[in-house]
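To be precise, the following lines are entry-v1.cif, and they hold mmCIF, N, CA and C atoms and all ligand atoms.
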data_query
loop_
_atom_site.label_atom_id
_atom_site.label_comp_id
_atom_site.auth_asym_id
_atom_site.auth_seq_id
_atom_site.Cartn_x
_atom_site.Cartn_y
_atom_site.Cartn_z
N MET V 3 0.85 -1.18 0.00
CA MET V 3 0.00 0.00 0.00
C MET V 3 0.88 1.23 0.00
N ARG V 4 0.44 2.27 -0.72
CA ARG V 4 1.15 3.55 -0.68
C ARG V 4 0.15 4.64 -0.32
N VAL V 5 0.55 5.49 0.59
CA VAL V 5 -0.37 6.51 1.09
C VAL V 5 0.35 7.85 1.15
N LEU V 6 -0.34 8.90 0.70
CA LEU V 6 0.19 10.26 0.80
C LEU V 6 -0.23 10.84 2.14
N MET V 7 0.71 11.31 2.93
CA MET V 7 0.40 11.85 4.25
C MET V 7 -0.16 13.26 4.13
N MET V 8 -1.27 13.49 4.80
CA MET V 8 -2.01 14.75 4.68
C MET V 8 -1.94 15.54 5.99
N PRO V 9 -2.25 16.83 5.93
CA PRO V 9 -2.23 17.65 7.17
C PRO V 9 -3.13 17.08 8.28
N ARG V 10 -4.22 16.44 7.91
CA ARG V 10 -5.14 15.89 8.93
C ARG V 10 -4.48 14.79 9.77
N ASP V 11 -3.35 14.25 9.28
CA ASP V 11 -2.69 13.13 9.96
C ASP V 11 -1.64 13.59 10.98
N THR V 12 -1.51 14.91 11.16
CA THR V 12 -0.41 15.40 12.00
C THR V 12 -0.80 15.60 13.46
N ASN V 13 0.23 15.61 14.28
CA ASN V 13 0.07 16.00 15.68
C ASN V 13 0.33 17.51 15.81
N HIS V 14 0.38 17.99 17.03
CA HIS V 14 0.56 19.43 17.25
C HIS V 14 1.97 19.91 16.91
N LEU V 15 2.90 18.96 16.69
CA LEU V 15 4.26 19.34 16.30
C LEU V 15 4.42 19.40 14.79
N GLY V 16 3.40 18.95 14.08
CA GLY V 16 3.46 18.99 12.61
C GLY V 16 3.98 17.72 11.98
N THR V 17 4.33 16.73 12.80
CA THR V 17 4.72 15.44 12.22
C THR V 17 3.53 14.47 12.31
N ILE V 18 3.68 13.35 11.62
CA ILE V 18 2.53 12.43 11.53
C ILE V 18 2.39 11.63 12.82
N PHE V 19 1.16 11.50 13.29
CA PHE V 19 0.85 10.69 14.47
C PHE V 19 1.31 9.25 14.27
N GLY V 20 1.95 8.69 15.30
CA GLY V 20 2.32 7.27 15.24
C GLY V 20 1.10 6.39 15.03
N GLY V 21 -0.01 6.79 15.63
CA GLY V 21 -1.23 5.98 15.53
C GLY V 21 -1.75 5.89 14.11
N VAL V 22 -1.51 6.94 13.32
CA VAL V 22 -1.93 6.91 11.91
C VAL V 22 -1.15 5.83 11.17
N ILE V 23 0.15 5.77 11.44
CA ILE V 23 1.00 4.76 10.79
C ILE V 23 0.58 3.37 11.28
N LEU V 24 0.30 3.24 12.57
CA LEU V 24 -0.13 1.94 13.11
C LEU V 24 -1.41 1.46 12.43
N SER V 25 -2.31 2.39 12.19
CA SER V 25 -3.56 2.04 11.55
C SER V 25 -3.32 1.52 10.13
N TYR V 26 -2.42 2.17 9.40
CA TYR V 26 -2.09 1.68 8.05
C TYR V 26 -1.36 0.34 8.10
N ILE V 27 -0.53 0.15 9.12
CA ILE V 27 0.15 -1.15 9.27
C ILE V 27 -0.90 -2.25 9.43
N ASP V 28 -1.90 -1.95 10.24
CA ASP V 28 -2.99 -2.90 10.47
C ASP V 28 -3.70 -3.22 9.15
N GLN V 29 -4.01 -2.17 8.38
CA GLN V 29 -4.69 -2.37 7.09
C GLN V 29 -3.83 -3.19 6.15
N ALA V 30 -2.53 -2.88 6.12
CA ALA V 30 -1.62 -3.62 5.24
C ALA V 30 -1.59 -5.09 5.63
N GLY V 31 -1.64 -5.35 6.94
CA GLY V 31 -1.68 -6.73 7.42
C GLY V 31 -2.91 -7.44 6.90
N PHE V 32 -4.04 -6.74 6.92
CA PHE V 32 -5.28 -7.32 6.40
C PHE V 32 -5.17 -7.59 4.90
N VAL V 33 -4.64 -6.63 4.16
CA VAL V 33 -4.55 -6.78 2.70
C VAL V 33 -3.71 -8.02 2.35
N GLU V 34 -2.63 -8.21 3.09
CA GLU V 34 -1.79 -9.38 2.85
C GLU V 34 -2.52 -10.67 3.27
N ALA V 35 -3.16 -10.64 4.44
CA ALA V 35 -3.86 -11.83 4.93
C ALA V 35 -4.96 -12.26 3.97
N ARG V 36 -5.65 -11.31 3.40
CA ARG V 36 -6.77 -11.61 2.50
C ARG V 36 -6.34 -12.42 1.29
N ARG V 37 -5.07 -12.30 0.94
CA ARG V 37 -4.57 -13.09 -0.18
C ARG V 37 -4.58 -14.58 0.14
N HIS V 38 -4.64 -14.89 1.43
CA HIS V 38 -4.66 -16.30 1.84
C HIS V 38 -6.08 -16.87 1.91
N GLY V 39 -7.08 -16.04 1.74
CA GLY V 39 -8.46 -16.54 1.78
C GLY V 39 -9.43 -15.40 1.96
N LEU V 40 -10.58 -15.53 1.30
CA LEU V 40 -11.60 -14.48 1.39
C LEU V 40 -12.45 -14.72 2.63
N HIS V 41 -11.96 -14.21 3.73
CA HIS V 41 -12.63 -14.37 5.03
C HIS V 41 -12.66 -13.03 5.74
N ARG V 42 -13.32 -13.05 6.88
CA ARG V 42 -13.18 -11.93 7.82
C ARG V 42 -11.85 -12.16 8.52
N TRP V 43 -10.97 -11.20 8.47
CA TRP V 43 -9.68 -11.32 9.15
C TRP V 43 -9.63 -10.28 10.25
N VAL V 44 -9.19 -10.68 11.43
CA VAL V 44 -9.04 -9.72 12.53
C VAL V 44 -7.59 -9.76 13.03
N THR V 45 -7.18 -8.67 13.62
CA THR V 45 -5.82 -8.57 14.16
C THR V 45 -5.81 -9.11 15.58
N ILE V 46 -4.95 -10.09 15.83
CA ILE V 46 -4.86 -10.59 17.22
C ILE V 46 -3.64 -10.00 17.91
N ALA V 47 -2.58 -9.73 17.17
CA ALA V 47 -1.36 -9.23 17.83
C ALA V 47 -0.50 -8.43 16.88
N MET V 48 0.23 -7.51 17.47
CA MET V 48 1.21 -6.72 16.73
C MET V 48 2.49 -6.68 17.55
N ASP V 49 3.62 -6.98 16.92
CA ASP V 49 4.90 -6.93 17.64
C ASP V 49 5.25 -5.49 18.01
N ASP V 50 6.28 -5.36 18.84
CA ASP V 50 6.80 -4.03 19.16
C ASP V 50 7.03 -3.24 17.89
N VAL V 51 6.65 -1.99 17.92
CA VAL V 51 6.88 -1.13 16.76
C VAL V 51 7.78 0.03 17.21
N ILE V 52 8.95 0.12 16.61
CA ILE V 52 9.88 1.18 16.96
C ILE V 52 9.95 2.16 15.78
N PHE V 53 9.58 3.39 16.03
CA PHE V 53 9.66 4.39 14.96
C PHE V 53 11.07 4.97 14.94
N LYS V 54 11.78 4.70 13.83
CA LYS V 54 13.18 5.13 13.76
C LYS V 54 13.32 6.51 13.13
N GLU V 55 12.36 6.87 12.31
CA GLU V 55 12.39 8.18 11.63
C GLU V 55 10.99 8.78 11.70
N PRO V 56 10.92 10.11 11.75
CA PRO V 56 9.59 10.73 11.70
C PRO V 56 9.01 10.68 10.27
N VAL V 57 7.72 10.88 10.20
CA VAL V 57 7.05 10.98 8.90
C VAL V 57 6.41 12.36 8.83
N TYR V 58 6.49 12.97 7.64
CA TYR V 58 6.02 14.35 7.47
C TYR V 58 4.88 14.42 6.47
N VAL V 59 4.13 15.51 6.56
CA VAL V 59 3.10 15.79 5.56
C VAL V 59 3.77 15.82 4.18
N GLY V 60 3.12 15.20 3.21
CA GLY V 60 3.66 15.18 1.85
C GLY V 60 4.52 13.96 1.56
N ASP V 61 4.95 13.27 2.60
CA ASP V 61 5.69 12.03 2.37
C ASP V 61 4.75 10.99 1.75
N ILE V 62 5.31 10.18 0.87
CA ILE V 62 4.55 9.04 0.35
C ILE V 62 5.06 7.82 1.11
N VAL V 63 4.16 7.23 1.87
CA VAL V 63 4.59 6.14 2.75
C VAL V 63 4.17 4.80 2.15
N ALA V 64 5.14 3.92 2.01
CA ALA V 64 4.88 2.59 1.46
C ALA V 64 4.84 1.58 2.60
N PHE V 65 3.87 0.69 2.54
CA PHE V 65 3.72 -0.40 3.52
C PHE V 65 3.89 -1.69 2.72
N ARG V 66 5.09 -2.24 2.78
CA ARG V 66 5.39 -3.46 2.00
C ARG V 66 5.17 -4.67 2.88
N THR V 67 4.48 -5.64 2.35
CA THR V 67 4.10 -6.79 3.18
C THR V 67 4.64 -8.10 2.62
N ARG V 68 4.89 -9.02 3.55
CA ARG V 68 5.12 -10.41 3.14
C ARG V 68 4.70 -11.30 4.30
N THR V 69 4.24 -12.48 3.94
CA THR V 69 3.82 -13.44 4.95
C THR V 69 5.05 -14.15 5.47
N ILE V 70 5.24 -14.13 6.78
CA ILE V 70 6.44 -14.77 7.33
C ILE V 70 6.12 -16.04 8.12
N GLU V 71 4.84 -16.29 8.37
CA GLU V 71 4.47 -17.46 9.16
C GLU V 71 3.00 -17.79 8.85
N THR V 72 2.70 -19.07 8.72
CA THR V 72 1.29 -19.45 8.60
C THR V 72 1.00 -20.54 9.61
N GLY V 73 -0.18 -20.46 10.21
CA GLY V 73 -0.62 -21.50 11.13
C GLY V 73 -1.88 -22.13 10.57
N THR V 74 -2.81 -22.49 11.45
CA THR V 74 -4.07 -23.08 10.99
C THR V 74 -5.10 -21.99 10.71
N THR V 75 -5.23 -21.10 11.69
CA THR V 75 -6.24 -20.04 11.54
C THR V 75 -5.59 -18.67 11.35
N SER V 76 -4.29 -18.62 11.47
CA SER V 76 -3.62 -17.31 11.46
C SER V 76 -2.48 -17.22 10.45
N VAL V 77 -2.19 -16.00 10.09
CA VAL V 77 -0.97 -15.72 9.31
C VAL V 77 -0.26 -14.55 9.99
N LYS V 78 1.07 -14.60 9.93
CA LYS V 78 1.83 -13.47 10.45
C LYS V 78 2.45 -12.73 9.27
N VAL V 79 2.25 -11.43 9.29
CA VAL V 79 2.67 -10.59 8.17
C VAL V 79 3.74 -9.62 8.65
N GLU V 80 4.81 -9.53 7.89
CA GLU V 80 5.81 -8.49 8.17
C GLU V 80 5.47 -7.28 7.31
N VAL V 81 5.41 -6.14 7.97
CA VAL V 81 5.12 -4.90 7.25
C VAL V 81 6.32 -3.97 7.39
N VAL V 82 6.93 -3.65 6.28
CA VAL V 82 8.07 -2.72 6.28
C VAL V 82 7.55 -1.36 5.82
N VAL V 83 7.82 -0.36 6.63
CA VAL V 83 7.28 0.97 6.34
C VAL V 83 8.41 1.90 5.91
N GLU V 84 8.25 2.48 4.73
CA GLU V 84 9.26 3.41 4.21
C GLU V 84 8.58 4.71 3.81
N ALA V 85 9.26 5.82 4.07
CA ALA V 85 8.72 7.13 3.68
C ALA V 85 9.58 7.73 2.58
N GLU V 86 8.91 8.12 1.50
CA GLU V 86 9.62 8.85 0.44
C GLU V 86 9.37 10.33 0.69
N ARG V 87 10.45 11.03 0.97
CA ARG V 87 10.33 12.44 1.34
C ARG V 87 9.80 13.29 0.19
N PHE V 88 8.89 14.20 0.55
CA PHE V 88 8.24 15.05 -0.44
C PHE V 88 9.25 15.89 -1.22
N GLU V 89 10.19 16.50 -0.50
CA GLU V 89 11.08 17.45 -1.17
C GLU V 89 12.26 16.80 -1.86
N SER V 90 12.87 15.81 -1.23
CA SER V 90 14.10 15.23 -1.79
C SER V 90 13.85 13.97 -2.60
N GLY V 91 12.71 13.33 -2.39
CA GLY V 91 12.46 12.04 -3.06
C GLY V 91 13.25 10.90 -2.45
N LYS V 92 14.00 11.21 -1.40
CA LYS V 92 14.79 10.15 -0.75
C LYS V 92 13.87 9.26 0.09
N THR V 93 14.26 8.00 0.19
CA THR V 93 13.46 7.06 0.96
C THR V 93 14.16 6.71 2.26
N VAL V 94 13.41 6.76 3.36
CA VAL V 94 13.96 6.34 4.65
C VAL V 94 13.10 5.23 5.22
N GLN V 95 13.74 4.32 5.95
CA GLN V 95 12.96 3.26 6.60
C GLN V 95 12.44 3.79 7.93
N VAL V 96 11.15 3.69 8.12
CA VAL V 96 10.49 4.25 9.31
C VAL V 96 10.35 3.19 10.41
N THR V 97 9.88 2.04 10.04
CA THR V 97 9.70 0.97 11.02
C THR V 97 9.40 -0.34 10.31
N THR V 98 9.45 -1.39 11.09
CA THR V 98 9.04 -2.72 10.63
C THR V 98 8.14 -3.30 11.70
N ALA V 99 7.06 -3.94 11.29
CA ALA V 99 6.13 -4.48 12.27
C ALA V 99 5.72 -5.89 11.88
N GLY V 100 5.47 -6.70 12.88
CA GLY V 100 4.90 -8.04 12.65
C GLY V 100 3.45 -8.01 13.10
N VAL V 101 2.56 -8.36 12.20
CA VAL V 101 1.13 -8.32 12.50
C VAL V 101 0.55 -9.71 12.32
N LYS V 102 -0.14 -10.18 13.36
CA LYS V 102 -0.77 -11.51 13.25
C LYS V 102 -2.26 -11.35 13.04
N MET V 103 -2.75 -11.97 11.97
CA MET V 103 -4.15 -11.86 11.59
C MET V 103 -4.79 -13.25 11.71
N VAL V 104 -6.03 -13.26 12.21
CA VAL V 104 -6.76 -14.52 12.37
C VAL V 104 -8.04 -14.47 11.53
N ALA V 105 -8.30 -15.56 10.80
CA ALA V 105 -9.56 -15.68 10.04
C ALA V 105 -10.66 -16.12 11.00
N VAL V 106 -11.78 -15.42 10.94
CA VAL V 106 -12.90 -15.76 11.84
C VAL V 106 -14.19 -15.93 11.04
N ASP V 107 -15.11 -16.70 11.62
CA ASP V 107 -16.42 -16.85 10.98
C ASP V 107 -17.33 -15.70 11.40
N LYS V 108 -18.60 -15.77 10.98
CA LYS V 108 -19.45 -14.61 11.26
C LYS V 108 -19.79 -14.47 12.74
N ASN V 109 -19.48 -15.50 13.52
CA ASN V 109 -19.68 -15.39 14.98
C ASN V 109 -18.40 -14.98 15.70
N GLY V 110 -17.35 -14.72 14.90
CA GLY V 110 -16.09 -14.26 15.50
C GLY V 110 -15.21 -15.40 15.98
N LYS V 111 -15.54 -16.64 15.57
CA LYS V 111 -14.74 -17.80 16.00
C LYS V 111 -13.67 -18.08 14.96
N SER V 112 -12.45 -18.39 15.44
CA SER V 112 -11.36 -18.62 14.51
C SER V 112 -11.63 -19.84 13.63
N ILE V 113 -11.24 -19.75 12.36
CA ILE V 113 -11.49 -20.83 11.40
C ILE V 113 -10.23 -21.10 10.59
N ASP V 114 -10.17 -22.29 10.03
CA ASP V 114 -9.06 -22.67 9.15
C ASP V 114 -9.16 -21.82 7.88
N PHE V 115 -8.15 -20.99 7.66
CA PHE V 115 -8.25 -20.05 6.54
C PHE V 115 -8.09 -20.73 5.18
N ARG V 116 -7.65 -22.01 5.19
CA ARG V 116 -7.48 -22.71 3.91
C ARG V 116 -8.81 -23.28 3.39
N LYS V 117 -9.82 -23.25 4.24
CA LYS V 117 -11.13 -23.73 3.80
C LYS V 117 -11.75 -22.74 2.82
N GLU V 118 -12.88 -23.15 2.22
CA GLU V 118 -13.51 -22.30 1.20
C GLU V 118 -13.87 -20.91 1.76
N PRO V 119 -13.98 -19.91 0.86
CA PRO V 119 -14.29 -18.55 1.31
C PRO V 119 -15.55 -18.50 2.18
N THR V 120 -15.52 -17.65 3.18
CA THR V 120 -16.67 -17.55 4.09
C THR V 120 -17.39 -16.21 3.97
N LEU V 121 -17.03 -15.44 2.96
CA LEU V 121 -17.76 -14.20 2.72
C LEU V 121 -18.80 -14.49 1.65
N ASP V 122 -20.07 -14.39 2.02
CA ASP V 122 -21.08 -14.88 1.09
C ASP V 122 -22.11 -13.86 0.66
N ARG V 123 -22.29 -12.83 1.41
CA ARG V 123 -23.38 -11.91 1.12
C ARG V 123 -22.92 -10.49 1.43
N ARG V 124 -23.31 -9.57 0.59
CA ARG V 124 -22.88 -8.19 0.80
C ARG V 124 -24.11 -7.28 0.93
N TYR V 125 -24.14 -6.50 1.98
CA TYR V 125 -25.21 -5.51 2.15
C TYR V 125 -24.93 -4.33 1.22
N PRO V 126 -25.98 -3.55 0.90
CA PRO V 126 -25.77 -2.42 0.00
C PRO V 126 -24.70 -1.44 0.48
N HIS V 127 -24.54 -1.29 1.80
CA HIS V 127 -23.54 -0.34 2.28
C HIS V 127 -22.13 -0.93 2.26
N GLY V 128 -22.01 -2.18 1.80
CA GLY V 128 -20.67 -2.72 1.60
C GLY V 128 -20.19 -3.68 2.66
N ALA V 129 -20.90 -3.79 3.78
CA ALA V 129 -20.43 -4.69 4.84
C ALA V 129 -20.80 -6.12 4.53
N PHE V 130 -19.91 -7.02 4.82
CA PHE V 130 -20.20 -8.44 4.63
C PHE V 130 -20.90 -8.98 5.87
N VAL V 131 -21.82 -9.94 5.64
CA VAL V 131 -22.51 -10.54 6.78
C VAL V 131 -22.40 -12.06 6.73
C1 LIG V 201 -8.89 -13.46 17.21
C2 LIG V 201 -9.74 -14.26 18.17
C3 LIG V 201 -11.02 -14.72 17.46
C4 LIG V 201 -8.93 -15.48 18.57
O1 LIG V 201 -9.69 -16.19 19.49
P1 LIG V 201 -9.04 -17.42 20.26
O2 LIG V 201 -10.14 -18.19 20.92
O3 LIG V 201 -7.89 -16.95 21.06
O4 LIG V 201 -8.58 -18.27 19.03
P2 LIG V 201 -7.59 -19.44 19.00
O5 LIG V 201 -7.15 -19.92 20.34
O6 LIG V 201 -8.26 -20.40 18.09
O7 LIG V 201 -6.30 -18.81 18.29
C5 LIG V 201 -6.40 -18.32 16.99
C6 LIG V 201 -5.00 -18.11 16.43
O8 LIG V 201 -4.38 -17.03 17.13
C7 LIG V 201 -3.13 -17.44 17.67
N1 LIG V 201 -2.96 -16.76 18.93
C8 LIG V 201 -3.69 -16.92 20.05
N2 LIG V 201 -3.27 -16.10 21.02
C9 LIG V 201 -2.22 -15.42 20.50
C10 LIG V 201 -1.34 -14.43 21.02
N3 LIG V 201 -1.45 -13.97 22.26
N4 LIG V 201 -0.39 -13.93 20.21
C11 LIG V 201 -0.25 -14.38 18.96
N5 LIG V 201 -1.06 -15.31 18.39
C12 LIG V 201 -2.03 -15.83 19.18
C13 LIG V 201 -3.23 -18.94 17.81
O9 LIG V 201 -1.96 -19.55 17.76
C14 LIG V 201 -4.09 -19.31 16.62
O10 LIG V 201 -3.32 -19.39 15.43
P3 LIG V 201 -3.14 -20.79 14.61
O11 LIG V 201 -4.49 -21.43 14.50
O12 LIG V 201 -2.64 -20.37 13.27
O13 LIG V 201 -2.17 -21.60 15.42
C15 LIG V 201 -10.13 -13.45 19.44
O14 LIG V 201 -9.00 -13.32 20.30
C16 LIG V 201 -10.66 -12.08 19.10
O15 LIG V 201 -11.80 -11.95 18.64
N6 LIG V 201 -9.82 -11.04 19.31
C17 LIG V 201 -10.21 -9.69 18.94
C18 LIG V 201 -9.78 -9.39 17.50
C19 LIG V 201 -10.07 -7.96 17.15
O16 LIG V 201 -11.19 -7.51 17.27
N7 LIG V 201 -9.04 -7.24 16.71
C20 LIG V 201 -9.16 -5.83 16.50
C21 LIG V 201 -9.01 -5.14 17.81
S1 LIG V 201 -9.63 -3.49 17.75
#
Can you present the structure in this file as structure tokens?
Amino acid sequence: MRVLMMPRDTNHLGTIFGGVILSYIDQAGFVEARRHGLHRWVTIAMDDVIFKEPVYVGDIVAFRTRTIETGTTSVKVEVVVEAERFESGKTVQVTTAGVKMVAVDKNGKSIDFRKEPTLDRRYPHGAFV
């Protein structure tokens, strides 16, 4: 995923909130997990996240994912976060995170993600039931 950082994402110091980046890490984890099966995926755990560099408005932030572990109901995704600076075009590594995602059924119970897709019906507003 690539995202352009906007003024709405900043804290009072003018840099990007860590929580905004965490939220995108979570989304990136889902996007990667979904490749393993069309299910409801939820986040069960996230490893320590150390922010090594700040992120600024105008940076284009890339969230690169790869699956590093698979279990029965879960996959663990590594998310590498890099910021391409608006002015210089230089890329810096911001952080790396491990996100564990679990496939669940419509009752929220963990399921084997290798089984057939469990998303079957879509409401007009877009939510799956
Ligand atoms: C995800 C959830 C359904 C798992 O329920 P559970 O009864 O603990 O499920 P299980 O014991 O079957 O474990 C499911 C998987 O998570 C793994 N897991 C369990 N506890 C874990 C932990 N503390 N850390 C990492 N992985 C864990 C298990 O190893 C298992 O993976 P595997 O089947 O690939 O081996 C439940 O904890 C939940 O609903 N959590 C909330 C999820 C959520 O809403 N996230 C967003 C928060 S805002």
Around ligand LIG 201 (chain V), which protein and nucleic acid residues have at least one atom no more than 10 Å from it, if we count only C-alpha atoms and all ligand atoms? List them as a ChimeraX atom specification.
/V:28,43-49,71-78,101-107,109-115
Can I get the selection written as a CSV table (one decimal), keeping the file's coordinate frame, with N, CA and C atoms?
chain,number,residue,atom,x,y,z
V,28,ASP,N,-1.9,-2.0,10.2
V,28,ASP,CA,-3.0,-2.9,10.5
V,28,ASP,C,-3.7,-3.2,9.2
V,43,TRP,N,-11.0,-11.2,8.5
V,43,TRP,CA,-9.7,-11.3,9.2
V,43,TRP,C,-9.6,-10.3,10.2
V,44,VAL,N,-9.2,-10.7,11.4
V,44,VAL,CA,-9.0,-9.7,12.5
V,44,VAL,C,-7.6,-9.8,13.0
V,45,THR,N,-7.2,-8.7,13.6
V,45,THR,CA,-5.8,-8.6,14.2
V,45,THR,C,-5.8,-9.1,15.6
V,46,ILE,N,-5.0,-10.1,15.8
V,46,ILE,CA,-4.9,-10.6,17.2
V,46,ILE,C,-3.6,-10.0,17.9
V,47,ALA,N,-2.6,-9.7,17.2
V,47,ALA,CA,-1.4,-9.2,17.8
V,47,ALA,C,-0.5,-8.4,16.9
V,48,MET,N,0.2,-7.5,17.5
V,48,MET,CA,1.2,-6.7,16.7
V,48,MET,C,2.5,-6.7,17.6
V,49,ASP,N,3.6,-7.0,16.9
V,49,ASP,CA,4.9,-6.9,17.6
V,49,ASP,C,5.2,-5.5,18.0
V,71,GLU,N,4.8,-16.3,8.4
V,71,GLU,CA,4.5,-17.5,9.2
V,71,GLU,C,3.0,-17.8,8.8
V,72,THR,N,2.7,-19.1,8.7
V,72,THR,CA,1.3,-19.4,8.6
V,72,THR,C,1.0,-20.5,9.6
V,73,GLY,N,-0.2,-20.5,10.2
V,73,GLY,CA,-0.6,-21.5,11.1
V,73,GLY,C,-1.9,-22.1,10.6
V,74,THR,N,-2.8,-22.5,11.4
V,74,THR,CA,-4.1,-23.1,11.0
V,74,THR,C,-5.1,-22.0,10.7
V,75,THR,N,-5.2,-21.1,11.7
V,75,THR,CA,-6.2,-20.0,11.5
V,75,THR,C,-5.6,-18.7,11.4
V,76,SER,N,-4.3,-18.6,11.5
V,76,SER,CA,-3.6,-17.3,11.5
V,76,SER,C,-2.5,-17.2,10.4
V,77,VAL,N,-2.2,-16.0,10.1
V,77,VAL,CA,-1.0,-15.7,9.3
V,77,VAL,C,-0.3,-14.6,10.0
V,78,LYS,N,1.1,-14.6,9.9
V,78,LYS,CA,1.8,-13.5,10.4
V,78,LYS,C,2.4,-12.7,9.3
V,101,VAL,N,2.6,-8.4,12.2
V,101,VAL,CA,1.1,-8.3,12.5
V,101,VAL,C,0.6,-9.7,12.3
V,102,LYS,N,-0.1,-10.2,13.4
V,102,LYS,CA,-0.8,-11.5,13.2
V,102,LYS,C,-2.3,-11.4,13.0
V,103,MET,N,-2.8,-12.0,12.0
V,103,MET,CA,-4.2,-11.9,11.6
V,103,MET,C,-4.8,-13.2,11.7
V,104,VAL,N,-6.0,-13.3,12.2
V,104,VAL,CA,-6.8,-14.5,12.4
V,104,VAL,C,-8.0,-14.5,11.5
V,105,ALA,N,-8.3,-15.6,10.8
V,105,ALA,CA,-9.6,-15.7,10.0
V,105,ALA,C,-10.7,-16.1,11.0
V,106,VAL,N,-11.8,-15.4,10.9
V,106,VAL,CA,-12.9,-15.8,11.8
V,106,VAL,C,-14.2,-15.9,11.0
V,107,ASP,N,-15.1,-16.7,11.6
V,107,ASP,CA,-16.4,-16.8,11.0
V,107,ASP,C,-17.3,-15.7,11.4
V,109,ASN,N,-19.5,-15.5,13.5
V,109,ASN,CA,-19.7,-15.4,15.0
V,109,ASN,C,-18.4,-15.0,15.7
V,110,GLY,N,-17.4,-14.7,14.9
V,110,GLY,CA,-16.1,-14.3,15.5
V,110,GLY,C,-15.2,-15.4,16.0
V,111,LYS,N,-15.5,-16.6,15.6
V,111,LYS,CA,-14.7,-17.8,16.0
V,111,LYS,C,-13.7,-18.1,15.0
V,112,SER,N,-12.4,-18.4,15.4
V,112,SER,CA,-11.4,-18.6,14.5
V,112,SER,C,-11.6,-19.8,13.6
V,113,ILE,N,-11.2,-19.8,12.4
V,113,ILE,CA,-11.5,-20.8,11.4
V,113,ILE,C,-10.2,-21.1,10.6
V,114,ASP,N,-10.2,-22.3,10.0
V,114,ASP,CA,-9.1,-22.7,9.2
V,114,ASP,C,-9.2,-21.8,7.9
V,115,PHE,N,-8.2,-21.0,7.7
V,115,PHE,CA,-8.2,-20.0,6.5
V,115,PHE,C,-8.1,-20.7,5.2
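For the set V:Leu24, V:Ile52, V:Leu40, V:Val63, the residue with the smallest atom-to-atom gap to Leu6 (chain V) is V:Val63, counting all atoms listed in the file.
The nearest approach to Gln95 (chain V) among the residues V:Lys117, V:His14, V:Lys54, V:Arg37, with only C-alpha atoms taken into account, belongs to V:Lys54.
Coordinates place CA of Arg36 (chain V) at a distance of 22.8 Å from CA of Asp50 (chain V).
With atom C of Phe65 (chain V) on one side and atom C of Gly20 (chain V) on the other, the separation reads 15.0 Å.
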Taking the chain letters and numbering used in this document, name the residues of chain V that DSSP puts in helix (DSSP H, G or I), as a VMD selection string.
chain V and resid 9 to 11 20 to 36
So that I have them on file, write out the residues from the current selection with N, CA and C atoms, as a CSV table (one decimal), in the coordinates of the input.
chain,number,residue,atom,x,y,z
V,9,PRO,N,-2.2,16.8,5.9
V,9,PRO,CA,-2.2,17.6,7.2
V,9,PRO,C,-3.1,17.1,8.3
V,10,ARG,N,-4.2,16.4,7.9
V,10,ARG,CA,-5.1,15.9,8.9
V,10,ARG,C,-4.5,14.8,9.8
V,11,ASP,N,-3.4,14.2,9.3
V,11,ASP,CA,-2.7,13.1,10.0
V,11,ASP,C,-1.6,13.6,11.0
V,20,GLY,N,2.0,8.7,15.3
V,20,GLY,CA,2.3,7.3,15.2
V,20,GLY,C,1.1,6.4,15.0
V,21,GLY,N,0.0,6.8,15.6
V,21,GLY,CA,-1.2,6.0,15.5
V,21,GLY,C,-1.8,5.9,14.1
V,22,VAL,N,-1.5,6.9,13.3
V,22,VAL,CA,-1.9,6.9,11.9
V,22,VAL,C,-1.2,5.8,11.2
V,23,ILE,N,0.2,5.8,11.4
V,23,ILE,CA,1.0,4.8,10.8
V,23,ILE,C,0.6,3.4,11.3
V,24,LEU,N,0.3,3.2,12.6
V,24,LEU,CA,-0.1,1.9,13.1
V,24,LEU,C,-1.4,1.5,12.4
V,25,SER,N,-2.3,2.4,12.2
V,25,SER,CA,-3.6,2.0,11.6
V,25,SER,C,-3.3,1.5,10.1
V,26,TYR,N,-2.4,2.2,9.4
V,26,TYR,CA,-2.1,1.7,8.0
V,26,TYR,C,-1.4,0.3,8.1
V,27,ILE,N,-0.5,0.2,9.1
V,27,ILE,CA,0.2,-1.2,9.3
V,27,ILE,C,-0.9,-2.2,9.4
V,28,ASP,N,-1.9,-2.0,10.2
V,28,ASP,CA,-3.0,-2.9,10.5
V,28,ASP,C,-3.7,-3.2,9.2
V,29,GLN,N,-4.0,-2.2,8.4
V,29,GLN,CA,-4.7,-2.4,7.1
V,29,GLN,C,-3.8,-3.2,6.2
V,30,ALA,N,-2.5,-2.9,6.1
V,30,ALA,CA,-1.6,-3.6,5.2
V,30,ALA,C,-1.6,-5.1,5.6
V,31,GLY,N,-1.6,-5.4,6.9
V,31,GLY,CA,-1.7,-6.7,7.4
V,31,GLY,C,-2.9,-7.4,6.9
V,32,PHE,N,-4.0,-6.7,6.9
V,32,PHE,CA,-5.3,-7.3,6.4
V,32,PHE,C,-5.2,-7.6,4.9
V,33,VAL,N,-4.6,-6.6,4.2
V,33,VAL,CA,-4.6,-6.8,2.7
V,33,VAL,C,-3.7,-8.0,2.4
V,34,GLU,N,-2.6,-8.2,3.1
V,34,GLU,CA,-1.8,-9.4,2.8
V,34,GLU,C,-2.5,-10.7,3.3
V,35,ALA,N,-3.2,-10.6,4.4
V,35,ALA,CA,-3.9,-11.8,4.9
V,35,ALA,C,-5.0,-12.3,4.0
V,36,ARG,N,-5.6,-11.3,3.4
V,36,ARG,CA,-6.8,-11.6,2.5
V,36,ARG,C,-6.3,-12.4,1.3
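Minimum distance to Tyr58 (chain V) across V:Ala99, V:Met3, V:Val94, V:Val33 (counting only C-alpha atoms) occurs at V:Val94.
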I'd like the interatomic distance between atom N of Val5 (chain V) and atom N of Ile62 (chain V), to a tenth of an Å.
6.7 Å
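Distances to Leu121 (chain V) were evaluated for V:His41, V:Thr69, V:Gly16, V:Met7 using only N, CA and C atoms, and the minimum falls at V:His41.
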